[in-house]
$ cat start-v8.txt   # compact mmCIF, C-alpha atoms
# COMPACT_ATOMS: atom_id res chain seq x y z
CA MET R 63 18.77 3.88 -8.28
CA THR R 64 18.88 6.93 -6.04
CA ARG R 65 22.29 7.52 -4.44
CA PHE R 66 22.45 8.44 -0.78
CA PRO R 67 25.22 10.71 0.57
CA LEU R 68 27.67 9.07 2.93
CA ARG R 69 26.24 11.00 5.89
CA SER R 70 22.68 9.82 5.23
CA THR R 71 23.87 6.26 4.72
CA CYS R 72 25.70 6.29 8.05
CA ILE R 73 22.65 7.70 9.88
CA LEU R 74 20.30 5.09 8.38
CA THR R 75 22.76 2.28 9.09
CA ALA R 76 23.12 3.41 12.69
CA ALA R 77 19.32 3.58 13.06
CA GLY R 78 18.99 0.01 11.77
CA ILE R 79 21.70 -1.26 14.11
CA LEU R 80 20.11 0.48 17.09
CA ALA R 81 16.71 -0.99 16.20
CA VAL R 82 18.28 -4.44 16.64
CA LEU R 83 20.56 -3.74 19.62
CA ILE R 84 18.09 -1.83 21.81
CA PRO R 85 15.53 -4.68 22.20
CA ALA R 86 18.35 -7.19 22.71
CA GLY R 87 19.95 -4.96 25.35
CA LEU R 88 16.65 -4.39 27.15
CA MET R 89 16.12 -8.14 27.34
CA SER R 90 19.63 -8.79 28.61
CA ILE R 91 19.17 -6.37 31.55
CA GLY R 92 15.71 -7.71 32.35
CA VAL R 93 13.62 -4.70 31.31
CA LEU R 94 11.74 -6.76 28.71
CA ASP R 95 10.37 -10.12 29.81
CA LEU R 96 9.79 -13.05 27.46
CA TYR R 97 6.08 -12.34 27.15
CA THR R 98 6.67 -8.74 26.04
CA ALA R 99 9.42 -9.91 23.70
CA ARG R 100 6.99 -12.29 22.05
CA ILE R 101 4.41 -9.52 21.57
CA ILE R 102 7.05 -7.26 19.99
CA ALA R 103 8.18 -10.13 17.73
CA MET R 104 4.58 -10.65 16.58
CA GLY R 105 4.33 -6.91 16.02
CA GLY R 106 7.36 -7.16 13.73
CA ILE R 107 5.73 -9.97 11.73
CA ASN R 108 2.53 -7.93 11.46
CA ALA R 109 4.63 -4.96 10.31
CA ILE R 110 6.16 -7.08 7.54
CA MET R 111 2.69 -8.17 6.45
CA ALA R 112 1.50 -4.56 6.60
CA MET R 113 4.30 -3.60 4.19
CA SER R 114 3.19 -6.44 1.92
CA VAL R 115 -0.38 -5.11 1.84
CA ASN R 116 0.82 -1.52 1.49
CA MET R 117 2.86 -2.53 -1.54
CA ILE R 118 -0.39 -3.48 -3.27
CA VAL R 119 -2.87 -1.00 -1.77
CA GLY R 120 -0.74 2.08 -1.19
CA ILE R 121 2.01 1.80 -3.82
CA THR R 122 0.41 -0.13 -6.69
CA GLY R 123 -3.05 1.30 -6.07
CA GLN R 124 -4.94 -2.02 -6.10
CA LEU R 125 -7.20 -3.48 -3.42
CA SER R 126 -6.27 -7.02 -2.36
CA LEU R 127 -8.07 -8.94 0.41
CA GLY R 128 -6.23 -12.24 0.16
CA GLN R 129 -2.79 -11.42 1.50
CA ALA R 130 -3.27 -13.74 4.47
CA GLY R 131 -3.32 -16.61 1.97
CA PHE R 132 0.29 -15.85 1.04
CA LEU R 133 1.13 -15.74 4.75
CA ALA R 134 -0.25 -19.28 5.07
CA ILE R 135 1.65 -20.50 2.01
CA GLY R 136 4.92 -19.18 3.41
CA ALA R 137 4.30 -20.66 6.87
CA TYR R 138 3.27 -24.14 5.74
CA SER R 139 5.98 -24.27 3.07
CA CYS R 140 8.64 -23.50 5.65
CA ILE R 141 7.34 -26.32 7.85
CA PHE R 142 7.20 -28.76 4.94
CA PHE R 143 10.72 -28.06 3.69
CA ASN R 144 12.19 -28.25 7.19
CA LEU R 145 10.34 -31.17 8.79
CA ASP R 146 9.33 -33.34 5.83
CA LEU R 147 12.30 -32.80 3.51
CA GLY R 148 14.86 -32.32 6.28
CA LEU R 149 16.35 -29.09 4.92
CA PRO R 150 18.15 -26.67 7.25
CA LEU R 151 15.93 -23.90 8.56
CA PRO R 152 17.52 -21.05 6.51
CA ALA R 153 17.22 -23.10 3.30
CA ALA R 154 13.63 -24.07 4.15
CA ALA R 155 12.72 -20.42 4.74
CA ALA R 156 14.38 -19.33 1.48
CA LEU R 157 12.52 -21.99 -0.54
CA ALA R 158 9.25 -21.07 1.20
CA ILE R 159 9.74 -17.44 0.18
CA LEU R 160 10.46 -18.44 -3.42
CA LEU R 161 7.39 -20.71 -3.48
CA THR R 162 5.19 -17.92 -2.13
CA THR R 163 6.59 -15.53 -4.73
CA GLY R 164 5.78 -18.04 -7.48
CA ALA R 165 2.26 -18.42 -6.09
CA GLY R 166 1.90 -14.65 -6.20
CA PHE R 167 2.89 -14.64 -9.87
CA LEU R 168 0.44 -17.43 -10.76
CA ILE R 169 -2.42 -15.79 -8.87
CA GLY R 170 -1.61 -12.27 -9.98
CA PHE R 171 -1.49 -13.10 -13.68
CA PRO R 172 -5.27 -13.63 -14.06
CA VAL R 173 -6.30 -11.45 -11.09
CA LEU R 174 -4.61 -8.22 -12.24
CA LYS R 175 -6.69 -8.22 -15.40
CA LEU R 176 -9.36 -6.82 -13.05
CA SER R 177 -9.43 -3.69 -10.91
CA GLY R 178 -11.36 -2.06 -8.09
CA ASP R 179 -14.06 -4.07 -6.35
CA TYR R 180 -13.70 -6.97 -8.77
CA LEU R 181 -10.03 -7.38 -7.87
CA ALA R 182 -10.87 -7.31 -4.15
CA ILE R 183 -13.55 -9.99 -4.54
CA VAL R 184 -11.33 -12.29 -6.61
CA THR R 185 -8.35 -12.01 -4.23
CA LEU R 186 -10.73 -12.70 -1.35
CA GLY R 187 -11.84 -15.84 -3.17
CA PHE R 188 -8.25 -16.98 -3.69
CA GLY R 189 -7.50 -16.50 0.01
CA GLU R 190 -10.47 -18.67 0.96
CA ILE R 191 -9.45 -21.31 -1.60
CA ILE R 192 -6.00 -21.49 -0.03
CA ARG R 193 -7.52 -21.88 3.44
CA VAL R 194 -9.84 -24.70 2.33
CA VAL R 195 -7.01 -26.50 0.52
CA PHE R 196 -4.84 -26.42 3.65
CA ILE R 197 -7.73 -27.74 5.75
CA ASN R 198 -8.11 -30.76 3.47
CA LEU R 199 -4.39 -31.52 3.04
CA LYS R 200 -4.31 -33.28 6.39
CA SER R 201 -1.19 -35.32 5.65
CA LEU R 202 0.88 -32.17 5.09
CA THR R 203 -0.86 -29.46 7.11
CA GLY R 204 -2.50 -31.41 9.92
CA GLY R 205 -5.95 -30.38 8.75
CA PRO R 206 -8.04 -27.90 10.75
CA ASN R 207 -6.09 -28.73 13.93
CA GLY R 208 -2.89 -27.30 12.46
CA ARG R 209 0.67 -28.53 12.66
CA GLN R 210 3.39 -28.24 15.27
CA PHE R 211 6.72 -26.74 14.26
CA THR R 212 9.39 -26.95 16.97
CA THR R 213 12.48 -24.84 16.32
CA ILE R 214 15.02 -22.90 18.34
CA LEU R 215 13.20 -19.70 17.45
CA ALA R 216 9.88 -21.10 18.63
CA MET R 217 11.33 -22.01 22.04
CA ARG R 218 13.32 -18.83 22.69
CA ASN R 219 11.43 -15.56 22.41
CA ASP R 220 14.60 -13.50 22.77
CA THR R 221 16.09 -15.11 19.66
CA ALA R 222 12.80 -14.63 17.84
CA LEU R 223 12.71 -10.92 18.69
CA VAL R 224 16.22 -10.25 17.41
CA THR R 225 15.68 -12.32 14.26
CA VAL R 226 12.38 -10.65 13.38
CA THR R 227 13.85 -7.20 13.98
CA ILE R 228 16.86 -7.90 11.76
CA VAL R 229 14.65 -9.18 8.94
CA LEU R 230 12.29 -6.21 9.31
CA VAL R 231 15.17 -3.72 9.04
CA LEU R 232 16.51 -5.48 5.93
CA VAL R 233 13.07 -5.57 4.28
CA VAL R 234 12.54 -1.85 4.96
CA ALA R 235 15.96 -0.97 3.54
CA LEU R 236 15.50 -3.05 0.38
CA LEU R 237 11.94 -1.87 -0.20
CA GLN R 238 12.73 1.80 0.26
CA ASN R 239 15.61 1.53 -2.21
CA PHE R 240 13.33 -0.22 -4.68
CA LEU R 241 10.64 2.46 -4.38
CA ARG R 242 13.23 5.13 -5.16
CA SER R 243 14.38 3.28 -8.28
CA SER R 244 12.95 3.74 -11.76
CA TYR R 245 10.84 0.59 -11.30
CA GLY R 246 9.30 1.87 -8.07
CA ARG R 247 8.54 5.26 -9.58
CA ALA R 248 6.94 3.57 -12.59
CA ILE R 249 4.66 1.57 -10.26
CA MET R 250 3.65 4.75 -8.44
CA ALA R 251 3.03 6.45 -11.78
CA CYS R 252 0.58 3.65 -12.65
CA ARG R 253 -1.13 4.26 -9.31
CA GLU R 254 -1.55 7.99 -9.91
CA ASP R 255 -2.81 7.90 -13.51
CA GLU R 256 -2.79 4.78 -15.69
CA ILE R 257 -3.62 6.70 -18.87
CA ALA R 258 -0.79 9.18 -18.39
CA ALA R 259 1.64 6.40 -17.46
CA ASN R 260 0.65 4.38 -20.52
CA SER R 261 1.14 7.40 -22.75
CA CYS R 262 4.70 7.67 -21.39
CA GLY R 263 5.45 4.11 -22.50
CA ILE R 264 4.97 2.38 -19.13
CA ASN R 265 3.56 -1.14 -19.39
CA ILE R 266 0.71 -0.96 -16.86
CA PHE R 267 0.12 -4.68 -16.45
CA ARG R 268 3.83 -5.45 -16.17
CA TYR R 269 4.42 -3.02 -13.32
CA LYS R 270 1.22 -4.00 -11.54
CA MET R 271 2.41 -7.59 -11.72
CA LEU R 272 5.82 -6.56 -10.38
CA GLY R 273 4.22 -4.86 -7.38
CA PHE R 274 1.97 -7.86 -6.72
CA VAL R 275 4.89 -10.32 -6.88
CA ILE R 276 7.01 -8.18 -4.54
CA ALA R 277 4.09 -8.08 -2.10
CA ALA R 278 3.87 -11.90 -2.25
CA PHE R 279 7.63 -12.09 -1.68
CA ILE R 280 7.34 -9.97 1.48
CA ALA R 281 4.35 -12.04 2.63
CA GLY R 282 6.46 -15.19 2.19
CA ILE R 283 9.04 -13.70 4.54
CA GLY R 284 6.32 -12.94 7.06
CA GLY R 285 4.88 -16.46 6.75
CA SER R 286 8.24 -18.12 7.34
CA LEU R 287 8.85 -15.98 10.42
CA TYR R 288 5.33 -16.68 11.66
CA ALA R 289 5.94 -20.43 11.57
CA MET R 290 9.31 -20.14 13.29
CA VAL R 291 8.21 -17.75 16.03
CA ASN R 292 4.86 -19.36 16.90
CA GLY R 293 5.85 -22.98 16.41
CA PHE R 294 2.28 -23.85 15.47
CA VAL R 295 0.32 -23.05 12.30
CA LYS R 296 -3.39 -23.52 11.56
CA PRO R 297 -5.24 -22.92 8.28
CA ASP R 298 -7.18 -20.16 10.04
CA ILE R 299 -4.27 -17.78 9.43
CA ALA R 300 -5.46 -17.59 5.81
CA GLN R 301 -8.96 -16.47 6.72
CA PHE R 302 -10.53 -13.25 5.52
CA LEU R 303 -10.41 -11.48 8.90
CA ARG R 304 -6.63 -11.84 9.04
CA SER R 305 -6.31 -9.99 5.73
CA ILE R 306 -8.60 -7.28 7.11
CA ASP R 307 -6.28 -6.89 10.11
CA PHE R 308 -3.33 -6.25 7.80
CA LEU R 309 -5.40 -3.77 5.81
CA ILE R 310 -6.29 -1.91 9.03
CA TYR R 311 -2.58 -1.47 9.79
CA VAL R 312 -2.09 0.10 6.37
CA VAL R 313 -5.11 2.41 6.59
CA LEU R 314 -4.22 3.64 10.08
CA GLY R 315 -0.54 4.06 9.28
CA GLY R 316 -1.17 5.79 5.96
CA MET R 317 -1.64 4.23 2.55
CA GLY R 318 1.67 4.67 0.74
CA SER R 319 3.70 5.16 3.93
CA MET R 320 5.76 2.09 4.84
CA THR R 321 7.02 3.53 8.12
CA GLY R 322 3.46 4.54 9.04
CA SER R 323 2.25 0.98 8.47
CA ILE R 324 5.07 -0.36 10.63
CA ILE R 325 4.25 1.98 13.51
CA ALA R 326 0.52 1.17 13.28
CA ALA R 327 1.25 -2.58 13.25
CA TYR R 328 3.35 -2.39 16.42
CA VAL R 329 0.89 -0.10 18.22
CA LEU R 330 -2.23 -2.13 17.38
CA THR R 331 -0.52 -5.46 18.13
CA TYR R 332 0.43 -4.26 21.60
CA LEU R 333 -2.96 -2.58 22.06
CA GLN R 334 -4.78 -5.87 21.55
CA GLU R 335 -2.69 -7.47 24.30
CA PHE R 336 -2.94 -4.44 26.58
CA LEU R 337 -6.76 -4.53 26.42
CA ARG R 338 -6.91 -8.24 27.15
CA PHE R 339 -7.71 -7.58 30.83
CA LEU R 340 -11.08 -6.21 29.66
CA GLN R 341 -11.93 -9.70 28.36
CA ASP R 342 -14.95 -9.51 26.05
CA TYR R 343 -15.24 -5.74 26.47
CA ARG R 344 -12.06 -5.21 24.48
CA LEU R 345 -14.04 -6.29 21.42
CA LEU R 346 -15.96 -3.05 21.96
CA ILE R 347 -13.10 -0.75 23.02
CA TYR R 348 -10.74 -1.69 20.18
CA PRO R 349 -13.21 -0.85 17.34
CA LEU R 350 -14.14 2.44 19.07
CA ILE R 351 -10.49 3.46 19.09
CA LEU R 352 -10.24 2.67 15.39
CA ILE R 353 -13.40 4.68 14.65
CA PHE R 354 -12.12 7.76 16.52
CA ILE R 355 -8.79 7.58 14.69
CA MET R 356 -10.54 7.41 11.34
CA LEU R 357 -12.81 10.35 12.26
CA PHE R 358 -10.04 12.69 13.39
CA ARG R 359 -7.14 11.39 11.25
CA PRO R 360 -8.68 9.87 8.10
CA GLN R 361 -5.43 10.05 6.11
CA GLY R 362 -3.72 7.80 8.63
CA LEU R 363 -0.82 8.39 10.98
CA LEU R 364 1.69 9.64 8.39
CA GLY R 365 -0.49 9.95 5.31
CA MET R 366 1.73 9.57 2.25
CA ARG R 367 4.85 10.70 4.08
CA GLU R 368 7.69 8.57 5.41
CA LEU R 369 9.45 8.87 8.75
CA SER R 370 12.92 10.24 7.95
CA PHE R 371 15.69 9.40 10.42
CA VAL R 372 17.99 11.84 8.62
CA ARG R 373 15.62 14.79 9.17
CA LEU R 374 15.01 13.62 12.73
CA TRP R 375 18.77 13.58 13.37
CA ASP R 376 19.13 17.06 11.87
CA ALA R 377 16.30 18.36 14.06
CA VAL R 378 17.89 16.90 17.21
CA CYS R 379 21.32 18.30 16.29
CA SER R 380 19.91 21.77 15.58
CA LEU R 381 17.98 21.68 18.85
CA PHE R 382 21.04 20.95 20.96
CA SER R 383 23.41 23.18 18.99
CA GLY R 384 21.08 26.19 19.19
CA LYS R 385 21.40 26.94 15.48
CA ARG R 386 17.69 27.13 14.80
CA ARG R 387 16.80 30.33 12.96
CA ALA R 388 14.44 32.81 14.53
CA PRO R 389 10.88 32.93 13.19
CA GLY R 390 10.41 35.31 10.29
CA THR R 391 14.02 35.10 9.07
CA VAL R 392 15.51 33.40 6.06
CA GLN R 393 18.96 32.08 5.32
CA GLY R 394 21.56 34.83 5.33
CA GLY R 395 19.84 36.86 8.08
CA GLN R 396 17.48 38.74 5.75
CA LYS R 397 13.86 39.23 6.81

$ encode --input "start-v8.txt" --output "structure tokens"
Amino acid sequence: MTRFPLRSTCILTAAGILAVLIPAGLMSIGVLDLYTARIIAMGGINAIMAMSVNMIVGITGQLSLGQAGFLAIGAYSCIFFNLDLGLPLPAAAALAILLTTGAGFLIGFPVLKLSGDYLAIVTLGFGEIIRVVFINLKSLTGGPNGRQFTTILAMRNDTALVTVTIVLVLVVALLQNFLRSSYGRAIMACREDEIAANSCGINIFRYKMLGFVIAAFIAGIGGSLYAMVNGFVKPDIAQFLRSIDFLIYVVLGGMGSMTGSIIAAYVLTYLQEFLRFLQDYRLLIYPLILIFIMLFRPQGLLGMRELSFVRLWDAVCSLFSGKRRAPGTVQGGQK
């Protein structure tokens, strides 16, 4: 595991704390209303799902179109464990995440024998199977009409915003540390060149499976939060178009860039609400915006790079301290 210096650790910790405190502070002074807080909370859930898809598409190098199915498994499992079995909400969410992770292992075991277009088609089929199963399990899921889930988080958007932000920060921290570990680098080696990775002794299928299971784990977190924040879940959340939405966040943010996917998820989530005053015309404006972005920035917002708070802090400090070197000079004053 890569070790961070104390200074970098303090900067990243402070950035995570500020990411939680700033929205809470803005709500307490009335700058953010409950409607905006709900949109931001949904943006956080979409960002978590974007990281789940990016783990498969950008990091593992596989194309999956059924990630919304894992979102539905996590959401309905959280409802079942809390309402039907009477478990406390944190325990219900934890079990829902574990169940979704197990489903990811069972689905990934036969699916990852394939690659490319075949993998995309099979994962799409699994997502539709999950949706149809939830439609027909009326006693547990409420059928096509969905199921109500009344919690404290569902009634208070301010609590939902803080909770989603805290979970998002924790997921980003854990995932970034994992990607810097030997396991994460082995997964990325499989993405770059499977033959070269195999020749170095890396078990290709094992690390592909690891990436797929981690993606299902993150999707389980997103599904549990979705159920708690919305308070109502329908089988339609497992449909194909929902998986496409998550894939759009990844493509626009940059495949392989977790921070890029997060930024794209927040921007596009708010953009959909901002264009709502156009009514049916927003169905035309929104795709045009996506087309222009793909034409002029095909690699996505950040490409393969990550947003570094440490470098950002250094740039701000150098700007205010006036220690920036003049153009055409190198360290030590030599030209």

$ closest_atom_pairs --input "start-v8.txt" --of "stretch 267-358 of chain R" --to "stretch 159-168 of chain R" --cutoff "10 Å" --atoms "all atoms listed in the file" --output "CSV"
residue,atom,partner,partner_atom,distance
R:Met271,CA,R:Phe167,CA,7.3
R:Leu272,CA,R:Phe167,CA,8.6
R:Phe274,CA,R:Gly166,CA,6.8
R:Val275,CA,R:Gly166,CA,5.3
R:Ile276,CA,R:Thr163,CA,7.4
R:Ala277,CA,R:Gly166,CA,8.0
R:Ala278,CA,R:Thr163,CA,5.2
R:Phe279,CA,R:Thr163,CA,4.7
R:Ile280,CA,R:Ile159,CA,8.0
R:Ala281,CA,R:Thr162,CA,7.6
R:Gly282,CA,R:Ile159,CA,4.5
R:Ile283,CA,R:Ile159,CA,5.8
R:Gly284,CA,R:Ile159,CA,8.9
R:Gly285,CA,R:Ile159,CA,8.2
R:Ser286,CA,R:Ile159,CA,7.3

$ atom_distance --input "start-v8.txt" --atom1 "atom CA of R:Val93" --atom2 "atom CA of R:Leu223"
14.1 Å

$ residues_around --input "start-v8.txt" --residues "R:Ala77" --least-positions-apart "5" --cutoff "9 Å" --atoms "only C-alpha atoms" --output "list in words"
Cys72, Val82 and Phe371 of chain R

$ axis_aligned_box --input "start-v8.txt" --around "stretch 206-211 of chain R" --padding-each-side "5 Å" --output "JSON"
{"center_x": -0.7, "center_y": -27.7, "center_z": 13.0, "size_x": 24.8, "size_y": 12.0, "size_z": 14.5}

$ residues_around --input "start-v8.txt" --residues "stretch 301-309 of chain R" --least-positions-apart "3" --cutoff "9 Å" --atoms "only C-alpha atoms" --output "CSV table (one decimal) with C-alpha atoms, keeping the file's coordinate frame"
chain,number,residue,atom,x,y,z
R,108,ASN,CA,2.5,-7.9,11.5
R,109,ALA,CA,4.6,-5.0,10.3
R,111,MET,CA,2.7,-8.2,6.4
R,112,ALA,CA,1.5,-4.6,6.6
R,113,MET,CA,4.3,-3.6,4.2
R,114,SER,CA,3.2,-6.4,1.9
R,115,VAL,CA,-0.4,-5.1,1.8
R,116,ASN,CA,0.8,-1.5,1.5
R,119,VAL,CA,-2.9,-1.0,-1.8
R,126,SER,CA,-6.3,-7.0,-2.4
R,127,LEU,CA,-8.1,-8.9,0.4
R,128,GLY,CA,-6.2,-12.2,0.2
R,129,GLN,CA,-2.8,-11.4,1.5
R,130,ALA,CA,-3.3,-13.7,4.5
R,131,GLY,CA,-3.3,-16.6,2.0
R,186,LEU,CA,-10.7,-12.7,-1.4
R,189,GLY,CA,-7.5,-16.5,0.0
R,190,GLU,CA,-10.5,-18.7,1.0
R,192,ILE,CA,-6.0,-21.5,0.0
R,193,ARG,CA,-7.5,-21.9,3.4
R,297,PRO,CA,-5.2,-22.9,8.3
R,298,ASP,CA,-7.2,-20.2,10.0
R,312,VAL,CA,-2.1,0.1,6.4
R,313,VAL,CA,-5.1,2.4,6.6
R,314,LEU,CA,-4.2,3.6,10.1
R,327,ALA,CA,1.2,-2.6,13.2

$ atom_distance --input "start-v8.txt" --atom1 "atom CA of R:Ile110" --atom2 "atom CA of R:Leu230"
6.4 Å

$ atom_distance --input "start-v8.txt" --atom1 "atom CA of R:Met290" --atom2 "atom CA of R:Leu149"
14.1 Å
